[in-house]
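Working notes for the structure below.
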Amino acid sequence: MRILLINPNTTASITDLAYREAVKVASVGTVFVPVTGRLGARYIASRAAYAIAGHAVLDAYAEAGDGFDGILLACFGDPALDALRELSGLAVVGMADAAMAQAAQTGPFAVVTGGVLWGPMLTEFAASRGFGSQLIGVETVAPSGADIARDPDGSLAMLASACEACVKSGARTVILGGAGLAGLKSRLQPMVRANLIDGLEAGVSAIEAAVRHAQPAARGTPPVETVGLGQGLQHRMA
């Protein structure tokens, strides 16, 4: 299967990290085509940046062309998840939605992520996806996911402490949220007294399953006249 991996953060090194980690955990025969957002924040860490990222996601899909079996959003928080499903007609999976669905199977869970403003944003996201009653809380650390990706060794103790705080609050499972934290689960697991979920790994598993069970679907967006969009997205909208 051929999967479009969209990173709406405009930092190519985060795309590279997400791609490398996705390839490691993917099934044989799964091919990822990574793309980086063309507009917006270097790393999404606020409501304004998140809103712009929704545009970046749709633009990235439109510019990537056709020939994909599914799409994986490599951004915890899943900007434009439902809009992308509507526009593309493909199987589309977001890291946060996939990780929360997996975590919810075992009871109360929590999220650890970088960037203090993500706390209320992810709490609202969980409620909107039907996981609000099982989310114990969101433990944020001051460095952004991009900062953590630049210095994973120096971030381990801080992340482990945040995970342990979640355990003390009653979480049975802790999600490592954010593309910048991809690949750290194996290093953190021995330091944490709860099962850890890597958001990107959960997303890869979910998109592979979604593609295998996908039903043919027509794009659901009626023609809309637009102004100021990139040529690809303007074409898709029309």
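Within each chain, counting starts at residue 1; across the structure tokens, chains are named A, B, ... in the order shown, with ligands numbered 1 upward in that order.
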Using only C-alpha atoms, I'd like a table of the residues in region 40-100 of chain A that come within 8 Å of region 166-183 of chain A; for each, show the closest atom pair and its distance in Å rounded to one decimal, ordered by chain and ascending number, as a tab-separated table.
```
residue	atom	partner	partner_atom	distance
A:Ala74	CA	A:Ala179	CA	6.1
A:Cys75	CA	A:Ala179	CA	5.8
A:Phe76	CA	A:Gly178	CA	4.7
A:Ala96	CA	A:Gly177	CA	7.1
A:Ala99	CA	A:Ile175	CA	6.8
A:Met100	CA	A:Ile175	CA	7.7
```
Dump as a short mmCIF file (atom, residue, chain, number, x, y, z; two decimals), in the first residue's frame, selection limited to C-alpha atoms:
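Below is the file that was written, again-v5.cif:
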```cif
data_model
loop_
_atom_site.label_atom_id
_atom_site.label_comp_id
_atom_site.auth_asym_id
_atom_site.auth_seq_id
_atom_site.Cartn_x
_atom_site.Cartn_y
_atom_site.Cartn_z
CA ALA A 74 2.10 13.00 11.34
CA CYS A 75 1.06 15.68 13.79
CA PHE A 76 -0.41 14.94 17.20
CA ALA A 96 -3.81 11.47 18.18
CA ALA A 99 -3.32 6.57 19.79
CA MET A 100 -6.31 7.51 21.93
#
```
Exercise. Write out as a PyMOL selection string the residues lying within 10 Å of Gly130 (chain A), counting only C-alpha atoms and excluding same-chain residues fewer than 3 positions away.
Key: chain A and resi 97+100-101+104+125-127+133-135
Exercise. Would you list, as JSON, numbers by chain, the residues of region 150-216 of chain A that end up in strand (DSSP E) under DSSP run on this structure's backbone?
Key: {"A": [173, 174, 175, 176, 177, 195, 196, 197, 198]}
Exercise. Pick out the closest residue to Val31 (chain A) from this set: A:Leu156, A:Val204, A:Phe109, A:Glu164. Count only C-alpha atoms.
Key: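 Of A:Leu156, A:Val204, A:Phe109, A:Glu164, the one nearest Val31 (chain A) is A:Val204, counting only C-alpha atoms.
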Quiz item: region 13-238 of chain A: which residues are alpha helix (DSSP H) by DSSP, as a VMD selection string?
Solution: chain A and resid 13 to 25 47 to 64 81 to 88 95 to 104 118 to 128 145 to 150 152 to 168 185 to 188 199 to 212 231 to 237
Exercise. Might you pull out every residue within 10 Å of region 184-191 of chain A, with only C-alpha atoms counted and same-chain residues fewer than 5 positions away left off, and present them as number ranges by chain?
Key: A: 21, 149, 152-153, 155-157, 159-161, 163-164, 175-176, 196-199, 201
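Between Tyr43 (chain A) and the residues A:Pro8, A:Ala214, A:Leu17, A:Asn195, the shortest atom-to-atom distance, using only C-alpha atoms, involves A:Pro8.
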Quiz prompt | Shell around region 53-67 of chain A at 12 Å using only C-alpha atoms, local window under 5 positions removed, as a PyMOL selection string | solution = chain A and resi 1-10+31-48+72-90+92+94+228-238
Exercise. Find the residue from A:Ile71, A:Val93, A:Ala12, A:Val28 that sits nearest to Ala206 (chain A); use only C-alpha atoms when measuring.
Key: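 Closest to Ala206 (chain A) of all the choices is A:Val93.
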Quiz item: For the atom pair CA of Ala22 (chain A) and CA of Ala202 (chain A), what is the interatomic distance in Å to one decimal place?
Solution: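 Between these atoms lies a distance of 9.8 Å.
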